[in-house]
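Step one of this worksheet: look at the structure below.
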Amino acid sequence: MRVLVSCANGSGTSLMMKKSVEKALKELGFTITNIHHCAISEGKSTAGQYDVVFCPMNFLNMFEDAKKKGITVVGVKNVMSAKEIIERVQETELAAKFK
């Protein structure tokens with residue numbers, strides 16, 4: 001599964017969120033083939049190259065085009081919480097697509 005993690009500036013927060021996403025997805029049994037973290041501006045333009053996008057809740061609307069293309073977009077309140085990421089992933093169709 002190709003994973004994109006996108007936050008405001010693409011440096012500190014997205015790196016921490018990337019680590020939480022990796023931990024959560026591995027715990028759920030997903031195989032990550034590629035994971036990238038970046039700023040929202042880059043994320044919007046490259047989201048089509050990924051299977052799933054993770055971002056803070058307040059940026060969900062920035063990925064409407066990706067959703068229309070069938071890409072799963074997961075919003076997270078606490079970017080440091082692998083537990084919340086697990087819960088959010090379980091609310092999606094990712095398990096049916098990639099397990």
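Residue numbers start at 1 in each chain; chains themselves are named A, B, ... in the order of the structure tokens; ligands are numbered from 1 in the order shown.
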
With a distance cut-off of 8 Å and only C-alpha atoms, select the neighbouring residues of range 54-63 of chain A, excluding the residue or stretch itself and same-chain residues fewer than 6 positions from it, and output the selection as a tab-separated table (two decimals) with all heavy atoms, in the first residue's frame.
chain	number	residue	atom	x	y	z
A	3	VAL	N	1.32	5.09	0.88
A	3	VAL	CA	0.75	5.96	1.92
A	3	VAL	C	1.35	7.36	1.84
A	3	VAL	O	2.57	7.51	1.77
A	3	VAL	CB	1.01	5.37	3.32
A	3	VAL	CG1	0.41	6.25	4.40
A	3	VAL	CG2	0.48	3.94	3.42
A	4	LEU	N	0.48	8.36	1.89
A	4	LEU	CA	0.90	9.75	1.95
A	4	LEU	C	0.42	10.35	3.26
A	4	LEU	O	-0.74	10.18	3.63
A	4	LEU	CB	0.31	10.55	0.79
A	4	LEU	CG	0.63	12.04	0.75
A	4	LEU	CD1	2.13	12.26	0.55
A	4	LEU	CD2	-0.15	12.74	-0.34
A	5	VAL	N	1.32	11.02	3.97
A	5	VAL	CA	0.98	11.72	5.21
A	5	VAL	C	1.25	13.20	4.96
A	5	VAL	O	2.36	13.58	4.61
A	5	VAL	CB	1.84	11.21	6.39
A	5	VAL	CG1	1.51	11.98	7.66
A	5	VAL	CG2	1.64	9.72	6.59
A	6	SER	N	0.22	14.01	5.10
A	6	SER	CA	0.35	15.41	4.73
A	6	SER	C	-0.15	16.33	5.83
A	6	SER	O	-1.25	16.15	6.35
A	6	SER	CB	-0.45	15.65	3.44
A	6	SER	OG	-0.14	16.87	2.87
A	7	CYS	N	0.68	17.31	6.20
A	7	CYS	CA	0.33	18.31	7.21
A	7	CYS	C	0.68	19.70	6.67
A	7	CYS	O	1.23	19.83	5.58
A	7	CYS	CB	1.07	18.05	8.51
A	7	CYS	SG	0.48	16.58	9.37
A	21	VAL	N	1.36	6.60	11.84
A	21	VAL	CA	0.67	5.87	10.77
A	21	VAL	C	1.37	4.54	10.50
A	21	VAL	O	0.72	3.50	10.39
A	21	VAL	CB	0.59	6.73	9.49
A	21	VAL	CG1	0.17	5.89	8.29
A	21	VAL	CG2	-0.38	7.90	9.70
A	40	ILE	N	0.90	20.18	2.80
A	40	ILE	CA	-0.41	20.10	2.14
A	40	ILE	C	-0.31	20.48	0.67
A	40	ILE	O	-0.90	19.84	-0.19
A	40	ILE	CB	-1.44	21.00	2.87
A	40	ILE	CG1	-1.79	20.41	4.24
A	40	ILE	CG2	-2.70	21.20	2.04
A	40	ILE	CD1	-2.58	19.12	4.21
A	44	LYS	N	-1.61	17.79	-2.03
A	44	LYS	CA	-2.75	17.98	-2.94
A	44	LYS	C	-2.39	17.58	-4.37
A	44	LYS	O	-3.19	16.96	-5.06
A	44	LYS	CB	-3.20	19.44	-2.92
A	44	LYS	CG	-4.06	19.80	-1.74
A	44	LYS	CD	-4.42	21.27	-1.73
A	44	LYS	CE	-5.07	21.72	-3.00
A	44	LYS	NZ	-5.50	23.11	-2.98
A	47	ALA	N	-1.39	13.42	-4.38
A	47	ALA	CA	-2.25	12.43	-3.72
A	47	ALA	C	-2.68	11.31	-4.65
A	47	ALA	O	-2.85	10.17	-4.23
A	47	ALA	CB	-3.48	13.12	-3.12
A	73	VAL	N	-9.05	8.89	2.04
A	73	VAL	CA	-8.47	10.01	2.79
A	73	VAL	C	-8.94	9.88	4.24
A	73	VAL	O	-10.13	9.80	4.51
A	73	VAL	CB	-8.90	11.37	2.20
A	73	VAL	CG1	-8.30	12.52	3.00
A	73	VAL	CG2	-8.50	11.47	0.73
A	74	VAL	N	-7.97	9.82	5.14
A	74	VAL	CA	-8.26	9.60	6.55
A	74	VAL	C	-7.85	10.84	7.34
A	74	VAL	O	-6.68	11.24	7.31
A	74	VAL	CB	-7.49	8.37	7.08
A	74	VAL	CG1	-7.79	8.15	8.56
A	74	VAL	CG2	-7.83	7.13	6.26
A	75	GLY	N	-8.82	11.43	8.03
A	75	GLY	CA	-8.54	12.58	8.88
A	75	GLY	C	-8.30	12.13	10.31
A	75	GLY	O	-8.96	11.22	10.81
A	76	VAL	N	-7.35	12.79	10.97
A	76	VAL	CA	-6.97	12.42	12.33
A	76	VAL	C	-6.93	13.68	13.20
A	76	VAL	O	-6.43	14.71	12.77
A	76	VAL	CB	-5.58	11.75	12.32
A	76	VAL	CG1	-5.16	11.36	13.71
A	76	VAL	CG2	-5.56	10.55	11.40
A	77	LYS	N	-7.48	13.57	14.41
A	77	LYS	CA	-7.44	14.70	15.35
A	77	LYS	C	-6.09	14.77	16.04
A	77	LYS	O	-5.46	15.82	16.09
A	77	LYS	CB	-8.54	14.56	16.40
A	77	LYS	CG	-9.92	14.81	15.87
A	77	LYS	CD	-10.95	14.67	16.97
A	77	LYS	CE	-12.35	14.79	16.39
A	77	LYS	NZ	-13.38	14.49	17.38
A	78	ASN	N	-5.64	13.65	16.61
A	78	ASN	CA	-4.37	13.60	17.34
A	78	ASN	C	-3.34	12.88	16.47
A	78	ASN	O	-3.33	11.65	16.42
A	78	ASN	CB	-4.55	12.90	18.68
A	78	ASN	CG	-3.27	12.82	19.48
A	78	ASN	OD1	-2.21	13.21	19.03
A	78	ASN	ND2	-3.38	12.31	20.70
A	79	VAL	N	-2.48	13.63	15.82
A	79	VAL	CA	-1.53	13.04	14.87
A	79	VAL	C	-0.50	12.13	15.52
A	79	VAL	O	0.18	11.37	14.84
A	79	VAL	CB	-0.82	14.14	14.03
A	79	VAL	CG1	-1.84	14.94	13.25
A	79	VAL	CG2	0.03	15.04	14.90

Exercise. Name the residues of chain A that come out as alpha helix (DSSP H) in a backbone DSSP run; write them as a VMD selection string.
Key: chain A and resid 12 to 27 40 to 46 64 to 68 82 to 90 94 to 98

Quiz item: With only C-alpha atoms as the basis for distance, which of A:Gly43, A:Gln90, A:Glu84, A:Lys97 is at the shortest distance from Leu28 in chain A?
Solution: A:Gln90

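The space between CA of Ala96 in chain A and CA of Ser41 in chain A spans 29.5 Å.
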
Quiz prompt | Top pick for closest residue to Thr92 in chain A, considering A:Val52, A:Glu64, A:Ala8, A:Lys69 and counting only C-alpha atoms | solution = A:Val52

Self-check item: CA of Ser11 in chain A to CA of Ala82 in chain A, straight-line distance in Å
Solution: 18.7 Å

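Proximity to Arg88 in chain A was assessed for A:Thr33, A:Asn9, A:Val53, A:Gly70 counting only C-alpha atoms; the smallest distance is recorded for A:Val53.
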
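Of the residues listed (A:Gly12, A:Ala66, A:Met1, A:Ile85), A:Ile85 shows the shortest atom-to-atom separation from Glu27 in chain A; distances use only C-alpha atoms.
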
Practice problem: Compile the contact shell of range 22-25 of chain A as JSON, numbers by chain: residues with an atom at most 9 Å away, counting only C-alpha atoms, same-chain residues fewer than 2 positions apart removed. | Solution: {"A": [17, 18, 19, 20, 27, 28, 29, 30, 31, 32, 35, 81, 82, 83, 84, 85, 86, 89]}

Exercise. Would you mind writing down, as a list in words, each residue of chain A that DSSP on the backbone assigns to strand (DSSP E or B)?
Key: Arg2, Val3, Leu4, Val5, Ser6, Cys7, Asn34, Ile35, His36, His37, Cys38, Ala39, Val52, Val53, Phe54, Cys55, Pro56, Thr72, Val73, Val74, Gly75 and Val76 of chain A

Practice problem: Report the distance between CA of Ile71 in chain A and CA of Thr46 in chain A in Å, rounded to one decimal place. | Solution: 11.5 Å
